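Engineer: The file below is entry-v1.txt, compact mmCIF, C-alpha atoms:
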```txt
# COMPACT_ATOMS: atom_id res chain seq x y z
CA GLU A 1 -11.82 -23.56 9.27
CA ALA A 2 -11.33 -20.84 6.70
CA ALA A 3 -8.12 -21.14 4.73
CA VAL A 4 -6.43 -18.25 2.99
CA THR A 5 -2.89 -18.72 1.72
CA GLN A 6 -0.58 -16.07 0.36
CA SER A 7 2.59 -16.28 -1.70
CA PRO A 8 5.31 -15.31 -1.54
CA ARG A 9 5.59 -14.79 2.21
CA ASN A 10 8.68 -12.66 1.76
CA LYS A 11 9.81 -10.73 -1.28
CA VAL A 12 12.64 -8.34 -2.01
CA ALA A 13 12.18 -6.32 -5.19
CA VAL A 14 14.04 -3.53 -6.92
CA THR A 15 12.58 -0.13 -7.66
CA GLY A 16 10.80 -0.19 -11.00
CA GLY A 17 10.38 -3.92 -11.00
CA LYS A 18 7.10 -5.82 -11.25
CA VAL A 19 5.77 -7.65 -8.22
CA THR A 20 2.82 -10.01 -8.04
CA LEU A 21 1.39 -11.12 -4.72
CA SER A 22 -0.93 -14.09 -4.92
CA CYS A 23 -3.77 -15.19 -2.68
CA ASN A 24 -5.78 -18.39 -2.70
CA GLN A 25 -8.83 -19.23 -0.61
CA THR A 26 -10.54 -22.58 -0.29
CA ASN A 27 -13.71 -21.34 1.39
CA ASN A 28 -15.73 -20.50 -1.69
CA HIS A 29 -16.15 -16.95 -0.40
CA ASN A 30 -17.39 -14.38 -2.86
CA ASN A 31 -15.39 -11.48 -1.49
CA MET A 32 -11.64 -11.08 -1.36
CA TYR A 33 -9.54 -8.16 -0.17
CA TRP A 34 -6.00 -6.84 -0.22
CA TYR A 35 -4.79 -4.69 2.69
CA ARG A 36 -1.43 -3.25 3.60
CA GLN A 37 -0.32 -2.72 7.16
CA ASP A 38 2.11 0.00 8.15
CA THR A 39 3.12 1.34 11.52
CA GLY A 40 1.07 4.41 12.32
CA HIS A 41 -1.53 3.68 9.64
CA GLY A 42 -2.98 0.36 10.60
CA LEU A 43 -4.62 -1.74 7.93
CA ARG A 44 -5.64 0.05 4.76
CA LEU A 45 -7.74 -1.37 1.95
CA ILE A 46 -6.09 -1.41 -1.48
CA HIS A 47 -8.40 -3.44 -3.72
CA TYR A 48 -11.25 -5.84 -3.24
CA SER A 49 -13.44 -8.13 -5.30
CA TYR A 50 -17.01 -9.35 -5.14
CA GLY A 51 -16.37 -12.39 -7.29
CA ALA A 52 -14.52 -13.79 -10.27
CA GLY A 53 -13.86 -11.11 -12.87
CA SER A 54 -14.60 -8.23 -10.51
CA THR A 55 -12.13 -5.82 -8.95
CA GLU A 56 -12.87 -2.62 -7.06
CA LYS A 57 -10.67 0.16 -5.75
CA GLY A 58 -10.26 0.57 -2.04
CA ASP A 59 -8.92 3.56 -0.16
CA ILE A 60 -5.34 3.49 -1.49
CA PRO A 61 -5.35 1.91 -4.98
CA ASP A 62 -2.73 4.13 -6.64
CA GLY A 63 0.25 2.12 -7.85
CA TYR A 64 -1.59 -1.19 -7.52
CA LYS A 65 -3.66 -3.37 -9.81
CA ALA A 66 -5.73 -6.38 -8.88
CA SER A 67 -6.87 -9.47 -10.71
CA ARG A 68 -9.56 -12.01 -9.79
CA PRO A 69 -9.43 -14.74 -12.45
CA SER A 70 -11.40 -17.25 -10.39
CA GLN A 71 -13.39 -17.59 -7.19
CA GLU A 72 -10.32 -18.94 -5.41
CA ASN A 73 -7.58 -16.59 -6.57
CA PHE A 74 -6.96 -12.88 -6.12
CA SER A 75 -3.68 -11.22 -7.07
CA LEU A 76 -2.19 -7.85 -6.27
CA ILE A 77 0.12 -6.46 -8.93
CA LEU A 78 2.70 -3.73 -8.55
CA GLU A 79 3.72 -2.87 -12.12
CA LEU A 80 6.46 -0.43 -11.12
CA ALA A 81 7.39 -1.04 -7.50
CA THR A 82 8.58 1.90 -5.38
CA PRO A 83 10.22 1.97 -1.93
CA SER A 84 7.02 3.50 -0.51
CA GLN A 85 5.31 0.21 -1.26
CA THR A 86 7.52 -1.59 1.23
CA SER A 87 4.99 -3.03 3.65
CA VAL A 88 3.25 -6.12 4.91
CA TYR A 89 0.35 -7.12 2.67
CA PHE A 90 -2.60 -9.15 3.87
CA CYS A 91 -5.19 -10.93 1.81
CA ALA A 92 -8.57 -11.74 3.26
CA SER A 93 -11.72 -13.49 2.16
CA GLY A 94 -15.23 -12.79 3.33
CA GLU A 95 -18.65 -14.33 3.14
CA GLY A 96 -20.05 -11.30 1.38
CA GLN A 97 -23.06 -10.70 3.60
CA ASN A 98 -23.84 -8.04 6.14
CA THR A 99 -23.14 -10.56 8.86
CA GLY A 100 -20.10 -12.02 7.15
CA GLN A 101 -16.72 -12.22 8.78
CA LEU A 102 -13.23 -11.76 7.41
CA TYR A 103 -10.57 -14.46 7.30
CA PHE A 104 -6.97 -13.45 6.78
CA GLY A 105 -3.90 -14.98 5.20
CA GLU A 106 -0.52 -15.04 6.93
CA GLY A 107 0.75 -11.90 5.24
CA SER A 108 3.42 -11.13 2.66
CA LYS A 109 6.34 -8.94 3.61
CA LEU A 110 7.52 -6.89 0.64
CA THR A 111 10.71 -4.86 0.65
CA VAL A 112 11.39 -2.61 -2.33
CA LEU A 113 15.01 -1.44 -2.55
CA GLY B 1 -12.14 6.55 4.44
CA GLN B 2 -14.23 5.58 7.41
CA GLN B 3 -13.09 6.48 10.90
CA VAL B 4 -12.51 3.77 13.45
CA GLN B 5 -10.77 4.89 16.61
CA GLN B 6 -9.46 2.56 19.26
CA SER B 7 -8.39 3.35 22.78
CA PRO B 8 -6.16 3.08 24.58
CA SER B 9 -3.38 2.77 22.02
CA SER B 10 -1.40 0.65 24.47
CA LEU B 11 -2.07 -1.06 27.75
CA VAL B 12 0.17 -2.86 30.26
CA LEU B 13 -1.37 -5.22 32.80
CA GLN B 14 -0.28 -7.61 35.46
CA GLU B 15 -1.31 -11.17 34.81
CA GLY B 16 -4.77 -11.77 36.24
CA GLU B 17 -6.00 -8.22 35.75
CA ASN B 18 -8.89 -7.38 33.43
CA ALA B 19 -8.60 -5.33 30.24
CA GLU B 20 -11.15 -3.04 28.67
CA LEU B 21 -10.59 -2.01 25.05
CA GLN B 22 -12.70 0.57 23.26
CA CYS B 23 -13.69 1.04 19.63
CA ASN B 24 -15.57 4.08 18.35
CA PHE B 25 -16.69 4.55 14.78
CA SER B 26 -18.11 7.40 12.79
CA SER B 27 -20.55 5.51 10.54
CA THR B 28 -23.31 3.01 11.08
CA ALA B 29 -21.83 -0.46 11.14
CA THR B 30 -23.67 -3.46 9.76
CA GLN B 31 -20.88 -5.69 11.00
CA LEU B 32 -18.21 -5.29 13.65
CA GLN B 33 -15.39 -7.70 14.23
CA TRP B 34 -12.61 -7.88 16.81
CA PHE B 35 -9.28 -9.39 15.77
CA TYR B 36 -6.13 -10.45 17.57
CA GLN B 37 -2.72 -10.06 15.98
CA SER B 38 0.40 -11.55 17.52
CA PRO B 39 3.68 -9.69 16.97
CA GLY B 40 4.65 -10.23 13.35
CA GLY B 41 1.64 -12.46 12.86
CA SER B 42 -1.61 -12.56 11.01
CA LEU B 43 -5.05 -11.53 12.18
CA VAL B 44 -7.26 -13.99 13.96
CA SER B 45 -10.95 -13.29 14.41
CA LEU B 46 -12.01 -13.18 18.05
CA LEU B 47 -15.61 -12.05 17.96
CA SER B 48 -18.16 -10.82 15.49
CA ASN B 49 -20.57 -8.48 17.26
CA PRO B 50 -22.50 -5.82 15.34
CA SER B 51 -24.88 -5.23 18.25
CA GLY B 52 -25.54 -6.35 21.79
CA THR B 53 -23.30 -8.45 23.98
CA LYS B 54 -21.39 -11.56 23.05
CA HIS B 55 -19.20 -13.85 25.12
CA THR B 56 -16.56 -16.35 24.19
CA GLY B 57 -14.25 -17.78 26.80
CA ARG B 58 -12.69 -14.89 28.73
CA LEU B 59 -13.80 -12.36 26.12
CA THR B 60 -16.92 -10.22 26.25
CA SER B 61 -17.84 -7.71 23.57
CA THR B 62 -20.57 -5.12 23.96
CA THR B 63 -21.63 -3.03 20.98
CA VAL B 64 -24.04 -0.12 21.28
CA THR B 65 -24.98 0.49 17.67
CA LYS B 66 -26.79 3.80 18.19
CA GLU B 67 -23.81 5.24 20.03
CA ARG B 68 -21.35 3.81 17.48
CA ARG B 69 -19.12 2.17 20.01
CA SER B 70 -17.97 -1.27 21.00
CA SER B 71 -15.86 -2.62 23.81
CA LEU B 72 -13.86 -5.78 24.31
CA HIS B 73 -13.39 -7.00 27.86
CA ILE B 74 -10.68 -9.54 28.59
CA SER B 75 -11.00 -11.11 32.00
CA SER B 76 -8.16 -12.61 34.02
CA SER B 77 -5.49 -11.65 31.50
CA GLN B 78 -2.67 -14.08 30.70
CA THR B 79 0.77 -13.46 29.24
CA THR B 80 -0.37 -15.21 26.08
CA ASP B 81 -2.98 -12.47 25.59
CA SER B 82 -0.17 -10.04 24.72
CA GLY B 83 -0.45 -8.66 21.22
CA THR B 84 -2.51 -6.17 19.26
CA TYR B 85 -6.28 -6.07 19.27
CA LEU B 86 -7.98 -4.60 16.22
CA CYS B 87 -11.53 -3.47 15.69
CA ALA B 88 -13.02 -3.43 12.19
CA ILE B 89 -16.39 -2.34 10.85
CA ASP B 90 -18.36 -2.91 7.68
CA THR B 91 -20.63 0.01 6.81
CA GLY B 92 -22.80 -2.07 4.51
CA TYR B 93 -20.68 -2.24 1.39
CA GLN B 94 -18.88 -5.38 2.51
CA ASN B 95 -15.67 -3.44 3.07
CA PHE B 96 -14.05 -3.61 6.46
CA TYR B 97 -12.33 -0.56 7.89
CA PHE B 98 -9.86 -1.00 10.70
CA GLY B 99 -8.76 0.96 13.70
CA LYS B 100 -5.06 1.24 14.50
CA GLY B 101 -5.35 -1.20 17.34
CA THR B 102 -4.62 -1.49 21.05
CA SER B 103 -1.28 -3.01 21.96
CA LEU B 104 -1.68 -5.16 25.06
CA THR B 105 1.23 -6.34 27.18
CA VAL B 106 0.56 -8.70 30.05
CA ILE B 107 3.39 -9.00 32.57
CA PRO B 108 3.76 -12.17 34.66
```
In structure tokens, how does this file's structure come out?
Structural biologist:
Amino acid sequence: EAAVTQSPRNKVAVTGGKVTLSCNQTNNHNNMYWYRQDTGHGLRLIHYSYGAGSTEKGDIPDGYKASRPSQENFSLILELATPSQTSVYFCASGEGQNTGQLYFGEGSKLTVL
Amino acid sequence: GQQVQQSPSSLVLQEGENAELQCNFSSTATQLQWFYQSPGGSLVSLLSNPSGTKHTGRLTSTTVTKERRSSLHISSSQTTDSGTYLCAIDTGYQNFYFGKGTSLTVIP
């Protein structure tokens, strides 16, 4: 069974502060993704990675950075958090093939005050 | 971004009734996946079905690739089926794009 774990699960940050959301997968998947989920918008892709050292911009990358230091770990970084970044963030890993599936973490709820 | 539209946006059923959920997409999909999300929960993969018909348990998915549509049929619905059902496609770049989901409520 695919295992994707996120931390922290809940975070309250102040406007202008730095936030790092971490994701670890034990499936040896090449691809990893960060999505945010908001009412009315569904899931939107922020950043993704094809492997260690690689990061790519998704549909809504502004205000976010990503880091993939290893096959297992993929972080989402908010250098200057804003209230509009209050959301639930999901990390996922994928097999990286046309027939590959996605496996999701439990989600991280971020509130920026 | 890519367009994935799901219908209906919400659905209320009596326990035992069948549900039919639709997913339409605007680009060719090399992969299509249906997910279930419980209220406040994470996403669990139900079926991967880029083309044809697939069954698992009470779920049947039919994808017609040329017509860019997929359906998810839930037979004999149960209260535990309540939640949100999401359709996602990969257009070949290994990025999945999601619809906004169908919220299903099954009443006992």
Engineer: Residues of chain B that have any atom at most 12 Å from an atom of chain A: could you tabulate them with the shortest-distance atom pair and the distance in Å to one decimal, using only C-alpha atoms, ordered by chain and increasing number, as JSON lines?
Structural biologist:
```
{"residue": "B:Gly1", "atom": "CA", "partner": "A:Asp59", "partner_atom": "CA", "distance": 6.4}
{"residue": "B:Gln2", "atom": "CA", "partner": "A:Asp59", "partner_atom": "CA", "distance": 9.5}
{"residue": "B:Gln3", "atom": "CA", "partner": "A:Arg44", "partner_atom": "CA", "distance": 11.6}
{"residue": "B:Val4", "atom": "CA", "partner": "A:Gly42", "partner_atom": "CA", "distance": 10.5}
{"residue": "B:Gln5", "atom": "CA", "partner": "A:Gly42", "partner_atom": "CA", "distance": 10.8}
{"residue": "B:Gln6", "atom": "CA", "partner": "A:Gly42", "partner_atom": "CA", "distance": 11.0}
{"residue": "B:Ser9", "atom": "CA", "partner": "A:Gly40", "partner_atom": "CA", "distance": 10.8}
{"residue": "B:Ala29", "atom": "CA", "partner": "A:Asn98", "partner_atom": "CA", "distance": 9.3}
{"residue": "B:Thr30", "atom": "CA", "partner": "A:Asn98", "partner_atom": "CA", "distance": 5.8}
{"residue": "B:Gln31", "atom": "CA", "partner": "A:Thr99", "partner_atom": "CA", "distance": 5.8}
{"residue": "B:Leu32", "atom": "CA", "partner": "A:Gln101", "partner_atom": "CA", "distance": 8.6}
{"residue": "B:Gln33", "atom": "CA", "partner": "A:Gln101", "partner_atom": "CA", "distance": 7.2}
{"residue": "B:Trp34", "atom": "CA", "partner": "A:Gln101", "partner_atom": "CA", "distance": 10.0}
{"residue": "B:Phe35", "atom": "CA", "partner": "A:Leu102", "partner_atom": "CA", "distance": 9.5}
{"residue": "B:Tyr36", "atom": "CA", "partner": "A:Phe104", "partner_atom": "CA", "distance": 11.2}
{"residue": "B:Gln37", "atom": "CA", "partner": "A:Glu106", "partner_atom": "CA", "distance": 10.6}
{"residue": "B:Ser38", "atom": "CA", "partner": "A:Glu106", "partner_atom": "CA", "distance": 11.2}
{"residue": "B:Gly40", "atom": "CA", "partner": "A:Gly107", "partner_atom": "CA", "distance": 9.2}
{"residue": "B:Gly41", "atom": "CA", "partner": "A:Glu106", "partner_atom": "CA", "distance": 6.8}
{"residue": "B:Ser42", "atom": "CA", "partner": "A:Glu106", "partner_atom": "CA", "distance": 4.9}
{"residue": "B:Leu43", "atom": "CA", "partner": "A:Phe104", "partner_atom": "CA", "distance": 6.0}
{"residue": "B:Val44", "atom": "CA", "partner": "A:Phe104", "partner_atom": "CA", "distance": 7.2}
{"residue": "B:Ser45", "atom": "CA", "partner": "A:Tyr103", "partner_atom": "CA", "distance": 7.2}
{"residue": "B:Leu46", "atom": "CA", "partner": "A:Gln101", "partner_atom": "CA", "distance": 10.4}
{"residue": "B:Leu47", "atom": "CA", "partner": "A:Gln101", "partner_atom": "CA", "distance": 9.2}
{"residue": "B:Ser48", "atom": "CA", "partner": "A:Gln101", "partner_atom": "CA", "distance": 7.0}
{"residue": "B:Asn49", "atom": "CA", "partner": "A:Thr99", "partner_atom": "CA", "distance": 9.0}
{"residue": "B:Pro50", "atom": "CA", "partner": "A:Thr99", "partner_atom": "CA", "distance": 8.1}
{"residue": "B:Ser51", "atom": "CA", "partner": "A:Thr99", "partner_atom": "CA", "distance": 10.9}
{"residue": "B:Thr84", "atom": "CA", "partner": "A:Gly42", "partner_atom": "CA", "distance": 10.9}
{"residue": "B:Tyr85", "atom": "CA", "partner": "A:Gly42", "partner_atom": "CA", "distance": 11.3}
{"residue": "B:Leu86", "atom": "CA", "partner": "A:Gly42", "partner_atom": "CA", "distance": 9.0}
{"residue": "B:Cys87", "atom": "CA", "partner": "A:Leu43", "partner_atom": "CA", "distance": 10.5}
{"residue": "B:Ala88", "atom": "CA", "partner": "A:Leu43", "partner_atom": "CA", "distance": 9.6}
{"residue": "B:Ile89", "atom": "CA", "partner": "A:Gln101", "partner_atom": "CA", "distance": 10.1}
{"residue": "B:Asp90", "atom": "CA", "partner": "A:Asn98", "partner_atom": "CA", "distance": 7.7}
{"residue": "B:Thr91", "atom": "CA", "partner": "A:Asn98", "partner_atom": "CA", "distance": 8.7}
{"residue": "B:Gly92", "atom": "CA", "partner": "A:Asn98", "partner_atom": "CA", "distance": 6.3}
{"residue": "B:Tyr93", "atom": "CA", "partner": "A:Asn98", "partner_atom": "CA", "distance": 8.1}
{"residue": "B:Gln94", "atom": "CA", "partner": "A:Gly96", "partner_atom": "CA", "distance": 6.1}
{"residue": "B:Asn95", "atom": "CA", "partner": "A:Tyr48", "partner_atom": "CA", "distance": 8.1}
{"residue": "B:Phe96", "atom": "CA", "partner": "A:Leu45", "partner_atom": "CA", "distance": 8.1}
{"residue": "B:Tyr97", "atom": "CA", "partner": "A:Arg44", "partner_atom": "CA", "distance": 7.4}
{"residue": "B:Phe98", "atom": "CA", "partner": "A:Leu43", "partner_atom": "CA", "distance": 6.0}
{"residue": "B:Gly99", "atom": "CA", "partner": "A:Gly42", "partner_atom": "CA", "distance": 6.6}
{"residue": "B:Lys100", "atom": "CA", "partner": "A:Gly42", "partner_atom": "CA", "distance": 4.5}
{"residue": "B:Gly101", "atom": "CA", "partner": "A:Gly42", "partner_atom": "CA", "distance": 7.3}
{"residue": "B:Thr102", "atom": "CA", "partner": "A:Gly42", "partner_atom": "CA", "distance": 10.7}
{"residue": "B:Ser103", "atom": "CA", "partner": "A:Gly42", "partner_atom": "CA", "distance": 12.0}
```
Engineer: Can you pull out every residue within 12 Å of Leu21 in chain A, counting all atoms listed in the file, but drop anything in the same chain fewer than 4 positions away, and send it as a PyMOL selection string?
Structural biologist: chain A and resi 5-13+34-36+64-67+73-79+88-91+105+107-110
Engineer: Include C-alpha atoms and write out the residues we just selected as a CSV table (one decimal), in the frame of the given file.
Structural biologist:
```csv
chain,number,residue,atom,x,y,z
A,5,THR,CA,-2.9,-18.7,1.7
A,6,GLN,CA,-0.6,-16.1,0.4
A,7,SER,CA,2.6,-16.3,-1.7
A,8,PRO,CA,5.3,-15.3,-1.5
A,9,ARG,CA,5.6,-14.8,2.2
A,10,ASN,CA,8.7,-12.7,1.8
A,11,LYS,CA,9.8,-10.7,-1.3
A,12,VAL,CA,12.6,-8.3,-2.0
A,13,ALA,CA,12.2,-6.3,-5.2
A,34,TRP,CA,-6.0,-6.8,-0.2
A,35,TYR,CA,-4.8,-4.7,2.7
A,36,ARG,CA,-1.4,-3.2,3.6
A,64,TYR,CA,-1.6,-1.2,-7.5
A,65,LYS,CA,-3.7,-3.4,-9.8
A,66,ALA,CA,-5.7,-6.4,-8.9
A,67,SER,CA,-6.9,-9.5,-10.7
A,73,ASN,CA,-7.6,-16.6,-6.6
A,74,PHE,CA,-7.0,-12.9,-6.1
A,75,SER,CA,-3.7,-11.2,-7.1
A,76,LEU,CA,-2.2,-7.8,-6.3
A,77,ILE,CA,0.1,-6.5,-8.9
A,78,LEU,CA,2.7,-3.7,-8.6
A,79,GLU,CA,3.7,-2.9,-12.1
A,88,VAL,CA,3.2,-6.1,4.9
A,89,TYR,CA,0.4,-7.1,2.7
A,90,PHE,CA,-2.6,-9.2,3.9
A,91,CYS,CA,-5.2,-10.9,1.8
A,105,GLY,CA,-3.9,-15.0,5.2
A,107,GLY,CA,0.8,-11.9,5.2
A,108,SER,CA,3.4,-11.1,2.7
A,109,LYS,CA,6.3,-8.9,3.6
A,110,LEU,CA,7.5,-6.9,0.6
```
Engineer: Would you be able to write out as a PyMOL selection string which residues have an atom within 10 Å of (-18.1, -20.4, -0.3) in the file's coordinates, counting all atoms listed in the file?
Structural biologist: chain A and resi 2+25-31+71-72+93-96
Engineer: Rounded to one decimal, what separation in Å do you get between CA of Ser75 in chain B and CA of Phe25 in chain B?
Structural biologist: 24.0 Å
Engineer: Quick one, how far is CA of Val4 in chain A from CA of Arg68 in chain A?
Structural biologist: 14.6 Å
Engineer: In Å to one decimal, how far is CA of Cys23 in chain B from CA of His73 in chain B?
Structural biologist: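 Separating CA of His73 in chain B from CA of Cys23 in chain B is a distance of 11.5 Å.
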Engineer: Using all atoms listed in the file, which of the listed residues (B:Ala19, B:Leu59, B:Val64, B:Val106) sits closest to Asp81 in chain B?
Structural biologist: B:Val106
Engineer: What's the 6 Å shell around Thr63 in chain B, counting only C-alpha atoms, without same-chain residues fewer than 3 positions away, as a ChimeraX atom specification?
Structural biologist: /B:51-52,69-70
Engineer: With distances taken over only C-alpha atoms, which of B:Leu21, B:Arg58, B:Pro8, B:Ser27 is nearest to Ser77 in chain B?
Structural biologist: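 Ranked by minimum distance to Ser77 in chain B, first place goes to B:Arg58.
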